[in-house]
Amino acid sequence: MRYRLLGRRTGLRVSELALGTGMLGRAWGYGADPDEARRILQGYAEAGGNFIDTADNYQFGESERLVGAFAGPDRDGFVIASKFGRGAGPSPALAAVGDSRKAMVQAVEASLRRLGTDRIDLYFAHMHDGVTPAAEVARGLDDLVRAGKVVYAGLSNFPAWRVAAAAVTADLRGWVPVAAIQVEYSLLQRTTERELLPMADGLGLGVMGWSPMAGGLLTGKYRNGERGRATDLKASVLHDDPARHGPVLDALVAVADEVRSTPGRVAIAWVSGKGVLPVLGPRTRAQLDDNLAAAALKLSADHVRRLDAVSATPAGYPHELLAADDQRATMTGGRWEQIDRPEQTVA
Ligand SMILES: NC(=O)c1ccc[n+]([C@@H]2O[C@H](COP(=O)([O-])OP(=O)(O)OC[C@H]3O[C@@H](n4cnc5c(N)ncnc54)[C@H](OP(=O)(O)O)[C@@H]3O)[C@@H](O)[C@H]2O)c1
């Protein structure tokens, strides 16, 4: 396992693959039982993994409890990320959900209790709630850091302009910086490249990418008639357009054959190659071991080019307009980059 800095705004060193724990627990009626969950956490730690992602709502709080129980004896050896805003039960009260300062201060105390720790290393607002002003979220996170309950702050599933507003407001007012974002990113979800990834690059935010295998679709197993989340826990798999999957899976299988690997590992390696830190989501220890092997996989420029081409997503306005103007900007490898302007001659 190698390690990376989480963005350019922190000195936080995290393993190149994060362990997502949405499938640790059985409270959703689907996931790993406590023994299997422990085997997953143990295997990740033995492989050198130090970056664990959880949330208050994962398995209605069971995920945080399992993570806390495992990490407890070596708490300082792990970077634990958690999230608030969704509530920890099947039907949380209205006043307990969302991004408001009230929901935030209640949720952090409950998460600290479940995790059995006195601080959360990286705390995310889980999902933009449509109403809470960016400054309320940023200032609330600032308070939690100053109170010693949280170490770093992040935003997950927020529109780019709202992240930028929160980050710049925090910078100008001397609040704790927004350090990272968490976004969906995979070969089946590349709209993230339109605004979120360039924004994170511009502001120096770390980027964690969830569902790097699109909830398991990119393992290719459903083509073989196997069961999994897409058949048994449908809400956890978002992309159900087989017409789009087909060509992407064909290319993934071809590349996987060429590099003697599996489609799922290639999908994870592709995310990592884009500078986004993949958040794995294994439900079994065997899946974890399979997913971790992606760290050793190096895709050639030709493999990446083929995967980019087959999964290309329209950049939309204004990016397409700007891209057509070769004096202004170009898009390479999924990132918008400035190019040199030709010399301007002033008559
Ligand atoms: N911030 C957010 O809003 C947000 C949202 C979603 C997830 N997340 C985080 O991201 C993590 C990862 O998301 P994800 O679970 O969707 O990631 P993913 O890697 O796209 O999908 C993981 C799923 O694929 C299947 N799988 C994994 N390895 C396999 C293998 N070798 N063979 C066959 N199937 C395999 C398993 O599901 P089955 O075997 O059950 O089919 C597993 O649960 C979550 O745990 C969570 O921490 C965050």
# chains A, B, ... in the order shown; residues from 1 in each chain; ligands from 1
call {"tool": "residues_around", "arguments": {"residues": "stretch 46-62 of chain A", "least_positions_apart": "4", "cutoff": "6 Å", "atoms": "only C-alpha atoms", "output": "PyMOL selection string"}}
result
chain A and resi 1+14-15+18-22+25+27-28+78-84+86-89
call {"tool": "write_last_selection", "arguments": {"atoms": "C-alpha atoms", "output": "PDB file, in the first residue's frame"}}
result
ATOM      1  CA  MET A   1       0.000   0.000   0.000  1.00  0.00           C
ATOM      2  CA  VAL A  14      -3.705   8.416   3.885  1.00  0.00           C
ATOM      3  CA  SER A  15      -3.476   5.071   2.117  1.00  0.00           C
ATOM      4  CA  ALA A  18      -9.813   3.987   1.465  1.00  0.00           C
ATOM      5  CA  LEU A  19     -12.040   1.356   3.063  1.00  0.00           C
ATOM      6  CA  GLY A  20     -15.708   2.267   2.783  1.00  0.00           C
ATOM      7  CA  THR A  21     -17.863   0.599   5.416  1.00  0.00           C
ATOM      8  CA  GLY A  22     -21.411   1.015   4.136  1.00  0.00           C
ATOM      9  CA  GLY A  25     -23.378  -4.532   9.458  1.00  0.00           C
ATOM     10  CA  ALA A  27     -29.152  -3.437  10.003  1.00  0.00           C
ATOM     11  CA  TRP A  28     -30.211  -2.663   6.411  1.00  0.00           C
ATOM     12  CA  PHE A  78      -6.231   5.135  11.588  1.00  0.00           C
ATOM     13  CA  VAL A  79      -7.698   8.134   9.837  1.00  0.00           C
ATOM     14  CA  ILE A  80     -11.438   7.806  10.417  1.00  0.00           C
ATOM     15  CA  ALA A  81     -13.832   9.763   8.229  1.00  0.00           C
ATOM     16  CA  SER A  82     -17.518   9.991   9.095  1.00  0.00           C
ATOM     17  CA  LYS A  83     -20.521  11.972   7.891  1.00  0.00           C
ATOM     18  CA  PHE A  84     -23.639  13.599   9.295  1.00  0.00           C
ATOM     19  CA  ARG A  86     -28.876  11.474   7.139  1.00  0.00           C
ATOM     20  CA  GLY A  87     -29.675  10.321  10.672  1.00  0.00           C
ATOM     21  CA  ALA A  88     -28.739   7.003  12.247  1.00  0.00           C
ATOM     22  CA  GLY A  89     -32.119   5.302  12.316  1.00  0.00           C
TER      23      GLY A  89
END
call {"tool": "residues_near_ligand", "arguments": {"ligand": "ligand 1", "cutoff": "6 Å", "atoms": "only C-alpha atoms and all ligand atoms", "output": "PyMOL selection string"}}
result
chain A and resi 20-23+53-54+126+156+182+210-216+219+228-229+279-283+287+290-291
call {"tool": "closest_residue", "arguments": {"among": "A:Ile120, A:Leu6, A:Ala230, A:Leu217", "to": "A:Gln189", "atoms": "only C-alpha atoms"}}
result
A:Leu217
call {"tool": "select_by_dssp", "arguments": {"residues": "stretch 94-262 of chain A", "states": "helix (DSSP H, G or I)", "output": "JSON, numbers by chain"}}
result
{"A": [94, 95, 96, 101, 102, 103, 104, 105, 106, 107, 108, 109, 110, 111, 112, 113, 114, 115, 134, 135, 136, 137, 138, 139, 140, 141, 142, 143, 144, 145, 146, 160, 161, 162, 163, 164, 165, 166, 167, 168, 169, 170, 171, 172, 173, 191, 192, 193, 196, 197, 198, 199, 200, 201, 202, 203, 214, 215, 216, 217, 218, 219, 221, 222, 223, 224, 229, 230, 231, 232, 234, 235, 236, 242, 243, 244, 245, 246, 247, 248, 249, 250, 251, 252, 253, 254, 255, 256, 257, 258]}
call {"tool": "atom_distance", "arguments": {"atom1": "atom CA of A:Asp325", "atom2": "atom CA of A:Ala164"}}
result
25.5 Å
call {"tool": "closest_residue", "arguments": {"among": "A:Gln106, A:Leu12, A:Glu195, A:Arg113", "to": "A:Tyr317", "atoms": "only C-alpha atoms"}}
result
A:Glu195
call {"tool": "closest_residue", "arguments": {"among": "A:Leu196, A:Val248, A:Val259, A:Met208", "to": "A:Leu277", "atoms": "only C-alpha atoms"}}
result
A:Met208
call {"tool": "closest_residue", "arguments": {"among": "A:Leu115, A:Val178, A:Leu5, A:Ala312", "to": "A:Ala166", "atoms": "only C-alpha atoms"}}
result
A:Val178
call {"tool": "atom_distance", "arguments": {"atom1": "atom CA of A:Asn157", "atom2": "atom CA of A:Ile181"}}
result
7.8 Å
call {"tool": "atom_distance", "arguments": {"atom1": "atom CA of A:Arg285", "atom2": "atom CA of A:Leu24"}}
result
10.9 Å
call {"tool": "closest_residue", "arguments": {"among": "A:Pro177, A:Pro90, A:Gly273, A:Gly130", "to": "A:Ser300", "atoms": "only C-alpha atoms"}}
result
A:Gly273
call {"tool": "decode", "arguments": {"residues": "stretch 35-50 of chain A", "atoms": "all heavy atoms", "output": "PDB file, in the first residue's frame"}}
result
ATOM      1  N   ASP A  35     -18.700 -10.681  12.390  1.00  0.00           N
ATOM      2  CA  ASP A  35     -17.456 -11.455  12.232  1.00  0.00           C
ATOM      3  C   ASP A  35     -16.802 -11.167  10.884  1.00  0.00           C
ATOM      4  O   ASP A  35     -15.590 -10.961  10.787  1.00  0.00           O
ATOM      5  CB  ASP A  35     -17.736 -12.963  12.350  1.00  0.00           C
ATOM      6  CG  ASP A  35     -18.057 -13.356  13.788  1.00  0.00           C
ATOM      7  OD1 ASP A  35     -17.728 -12.560  14.695  1.00  0.00           O
ATOM      8  OD2 ASP A  35     -18.644 -14.431  13.986  1.00  0.00           O
ATOM      9  N   GLU A  36     -17.632 -11.136   9.840  1.00  0.00           N
ATOM     10  CA  GLU A  36     -17.075 -10.865   8.505  1.00  0.00           C
ATOM     11  C   GLU A  36     -16.580  -9.416   8.440  1.00  0.00           C
ATOM     12  O   GLU A  36     -15.543  -9.126   7.824  1.00  0.00           O
ATOM     13  CB  GLU A  36     -18.141 -11.122   7.428  1.00  0.00           C
ATOM     14  CG  GLU A  36     -17.634 -11.050   5.994  1.00  0.00           C
ATOM     15  CD  GLU A  36     -16.677 -12.195   5.620  1.00  0.00           C
ATOM     16  OE1 GLU A  36     -16.451 -13.101   6.455  1.00  0.00           O
ATOM     17  OE2 GLU A  36     -16.133 -12.167   4.504  1.00  0.00           O
ATOM     18  N   ALA A  37     -17.325  -8.509   9.079  1.00  0.00           N
ATOM     19  CA  ALA A  37     -16.904  -7.104   9.103  1.00  0.00           C
ATOM     20  C   ALA A  37     -15.522  -6.980   9.732  1.00  0.00           C
ATOM     21  O   ALA A  37     -14.652  -6.254   9.241  1.00  0.00           O
ATOM     22  CB  ALA A  37     -17.927  -6.268   9.872  1.00  0.00           C
ATOM     23  N   ARG A  38     -15.312  -7.701  10.812  1.00  0.00           N
ATOM     24  CA  ARG A  38     -14.008  -7.647  11.485  1.00  0.00           C
ATOM     25  C   ARG A  38     -12.912  -8.210  10.574  1.00  0.00           C
ATOM     26  O   ARG A  38     -11.803  -7.677  10.522  1.00  0.00           O
ATOM     27  CB  ARG A  38     -14.091  -8.440  12.795  1.00  0.00           C
ATOM     28  CG  ARG A  38     -12.918  -8.174  13.654  1.00  0.00           C
ATOM     29  CD  ARG A  38     -12.926  -8.762  15.037  1.00  0.00           C
ATOM     30  NE  ARG A  38     -11.592  -8.551  15.578  1.00  0.00           N
ATOM     31  CZ  ARG A  38     -11.185  -7.406  16.088  1.00  0.00           C
ATOM     32  NH1 ARG A  38     -11.999  -6.385  16.166  1.00  0.00           N
ATOM     33  NH2 ARG A  38      -9.953  -7.281  16.525  1.00  0.00           N
ATOM     34  N   ARG A  39     -13.246  -9.280   9.848  1.00  0.00           N
ATOM     35  CA  ARG A  39     -12.240  -9.846   8.934  1.00  0.00           C
ATOM     36  C   ARG A  39     -11.889  -8.840   7.840  1.00  0.00           C
ATOM     37  O   ARG A  39     -10.742  -8.743   7.406  1.00  0.00           O
ATOM     38  CB  ARG A  39     -12.763 -11.154   8.317  1.00  0.00           C
ATOM     39  CG  ARG A  39     -12.660 -12.340   9.246  1.00  0.00           C
ATOM     40  CD  ARG A  39     -12.919 -13.658   8.513  1.00  0.00           C
ATOM     41  NE  ARG A  39     -14.335 -13.871   8.223  1.00  0.00           N
ATOM     42  CZ  ARG A  39     -15.193 -14.425   9.077  1.00  0.00           C
ATOM     43  NH1 ARG A  39     -14.788 -14.829  10.267  1.00  0.00           N
ATOM     44  NH2 ARG A  39     -16.463 -14.584   8.757  1.00  0.00           N
ATOM     45  N   ILE A  40     -12.874  -8.085   7.388  1.00  0.00           N
ATOM     46  CA  ILE A  40     -12.619  -7.067   6.358  1.00  0.00           C
ATOM     47  C   ILE A  40     -11.711  -5.973   6.924  1.00  0.00           C
ATOM     48  O   ILE A  40     -10.696  -5.603   6.314  1.00  0.00           O
ATOM     49  CB  ILE A  40     -13.958  -6.471   5.855  1.00  0.00           C
ATOM     50  CG1 ILE A  40     -14.745  -7.522   5.062  1.00  0.00           C
ATOM     51  CG2 ILE A  40     -13.712  -5.221   5.004  1.00  0.00           C
ATOM     52  CD1 ILE A  40     -16.177  -7.117   4.724  1.00  0.00           C
ATOM     53  N   LEU A  41     -12.056  -5.463   8.100  1.00  0.00           N
ATOM     54  CA  LEU A  41     -11.250  -4.396   8.711  1.00  0.00           C
ATOM     55  C   LEU A  41      -9.833  -4.890   8.989  1.00  0.00           C
ATOM     56  O   LEU A  41      -8.848  -4.186   8.734  1.00  0.00           O
ATOM     57  CB  LEU A  41     -11.928  -3.918  10.000  1.00  0.00           C
ATOM     58  CG  LEU A  41     -13.222  -3.121   9.783  1.00  0.00           C
ATOM     59  CD1 LEU A  41     -14.112  -3.157  11.022  1.00  0.00           C
ATOM     60  CD2 LEU A  41     -12.886  -1.668   9.415  1.00  0.00           C
ATOM     61  N   GLN A  42      -9.723  -6.134   9.489  1.00  0.00           N
ATOM     62  CA  GLN A  42      -8.412  -6.713   9.796  1.00  0.00           C
ATOM     63  C   GLN A  42      -7.577  -6.844   8.520  1.00  0.00           C
ATOM     64  O   GLN A  42      -6.390  -6.482   8.492  1.00  0.00           O
ATOM     65  CB  GLN A  42      -8.626  -8.104  10.421  1.00  0.00           C
ATOM     66  CG  GLN A  42      -7.375  -8.768  10.944  1.00  0.00           C
ATOM     67  CD  GLN A  42      -6.924  -8.147  12.249  1.00  0.00           C
ATOM     68  OE1 GLN A  42      -7.753  -7.863  13.107  1.00  0.00           O
ATOM     69  NE2 GLN A  42      -5.631  -7.902  12.376  1.00  0.00           N
ATOM     70  N   GLY A  43      -8.199  -7.344   7.466  1.00  0.00           N
ATOM     71  CA  GLY A  43      -7.464  -7.527   6.199  1.00  0.00           C
ATOM     72  C   GLY A  43      -6.988  -6.206   5.644  1.00  0.00           C
ATOM     73  O   GLY A  43      -5.867  -6.096   5.125  1.00  0.00           O
ATOM     74  N   TYR A  44      -7.831  -5.192   5.751  1.00  0.00           N
ATOM     75  CA  TYR A  44      -7.456  -3.853   5.252  1.00  0.00           C
ATOM     76  C   TYR A  44      -6.268  -3.316   6.059  1.00  0.00           C
ATOM     77  O   TYR A  44      -5.294  -2.809   5.482  1.00  0.00           O
ATOM     78  CB  TYR A  44      -8.660  -2.930   5.370  1.00  0.00           C
ATOM     79  CG  TYR A  44      -8.397  -1.512   4.945  1.00  0.00           C
ATOM     80  CD1 TYR A  44      -8.172  -1.184   3.605  1.00  0.00           C
ATOM     81  CD2 TYR A  44      -8.370  -0.482   5.883  1.00  0.00           C
ATOM     82  CE1 TYR A  44      -7.927   0.131   3.221  1.00  0.00           C
ATOM     83  CE2 TYR A  44      -8.135   0.827   5.502  1.00  0.00           C
ATOM     84  CZ  TYR A  44      -7.916   1.124   4.169  1.00  0.00           C
ATOM     85  OH  TYR A  44      -7.670   2.424   3.783  1.00  0.00           O
ATOM     86  N   ALA A  45      -6.328  -3.454   7.381  1.00  0.00           N
ATOM     87  CA  ALA A  45      -5.228  -2.957   8.226  1.00  0.00           C
ATOM     88  C   ALA A  45      -3.943  -3.732   7.941  1.00  0.00           C
ATOM     89  O   ALA A  45      -2.854  -3.144   7.840  1.00  0.00           O
ATOM     90  CB  ALA A  45      -5.614  -3.068   9.700  1.00  0.00           C
ATOM     91  N   GLU A  46      -4.059  -5.045   7.770  1.00  0.00           N
ATOM     92  CA  GLU A  46      -2.856  -5.857   7.507  1.00  0.00           C
ATOM     93  C   GLU A  46      -2.220  -5.495   6.174  1.00  0.00           C
ATOM     94  O   GLU A  46      -1.015  -5.611   6.000  1.00  0.00           O
ATOM     95  CB  GLU A  46      -3.220  -7.355   7.531  1.00  0.00           C
ATOM     96  CG  GLU A  46      -3.393  -7.866   8.951  1.00  0.00           C
ATOM     97  CD  GLU A  46      -4.012  -9.263   9.012  1.00  0.00           C
ATOM     98  OE1 GLU A  46      -4.217  -9.892   7.939  1.00  0.00           O
ATOM     99  OE2 GLU A  46      -4.313  -9.693  10.134  1.00  0.00           O
ATOM    100  N   ALA A  47      -3.038  -5.028   5.241  1.00  0.00           N
ATOM    101  CA  ALA A  47      -2.498  -4.611   3.928  1.00  0.00           C
ATOM    102  C   ALA A  47      -1.872  -3.219   3.996  1.00  0.00           C
ATOM    103  O   ALA A  47      -1.366  -2.718   2.998  1.00  0.00           O
ATOM    104  CB  ALA A  47      -3.610  -4.645   2.884  1.00  0.00           C
ATOM    105  N   GLY A  48      -1.939  -2.589   5.155  1.00  0.00           N
ATOM    106  CA  GLY A  48      -1.346  -1.249   5.311  1.00  0.00           C
ATOM    107  C   GLY A  48      -2.350  -0.131   5.179  1.00  0.00           C
ATOM    108  O   GLY A  48      -1.976   1.042   5.199  1.00  0.00           O
ATOM    109  N   GLY A  49      -3.643  -0.466   5.044  1.00  0.00           N
ATOM    110  CA  GLY A  49      -4.664   0.570   4.911  1.00  0.00           C
ATOM    111  C   GLY A  49      -4.865   1.338   6.213  1.00  0.00           C
ATOM    112  O   GLY A  49      -4.897   0.732   7.289  1.00  0.00           O
ATOM    113  N   ASN A  50      -4.989   2.648   6.111  1.00  0.00           N
ATOM    114  CA  ASN A  50      -5.200   3.435   7.334  1.00  0.00           C
ATOM    115  C   ASN A  50      -6.391   4.388   7.249  1.00  0.00           C
ATOM    116  O   ASN A  50      -6.630   5.156   8.168  1.00  0.00           O
ATOM    117  CB  ASN A  50      -3.932   4.229   7.690  1.00  0.00           C
ATOM    118  CG  ASN A  50      -3.679   5.421   6.763  1.00  0.00           C
ATOM    119  OD1 ASN A  50      -4.367   5.610   5.767  1.00  0.00           O
ATOM    120  ND2 ASN A  50      -2.680   6.217   7.090  1.00  0.00           N
TER     121      ASN A  50
END
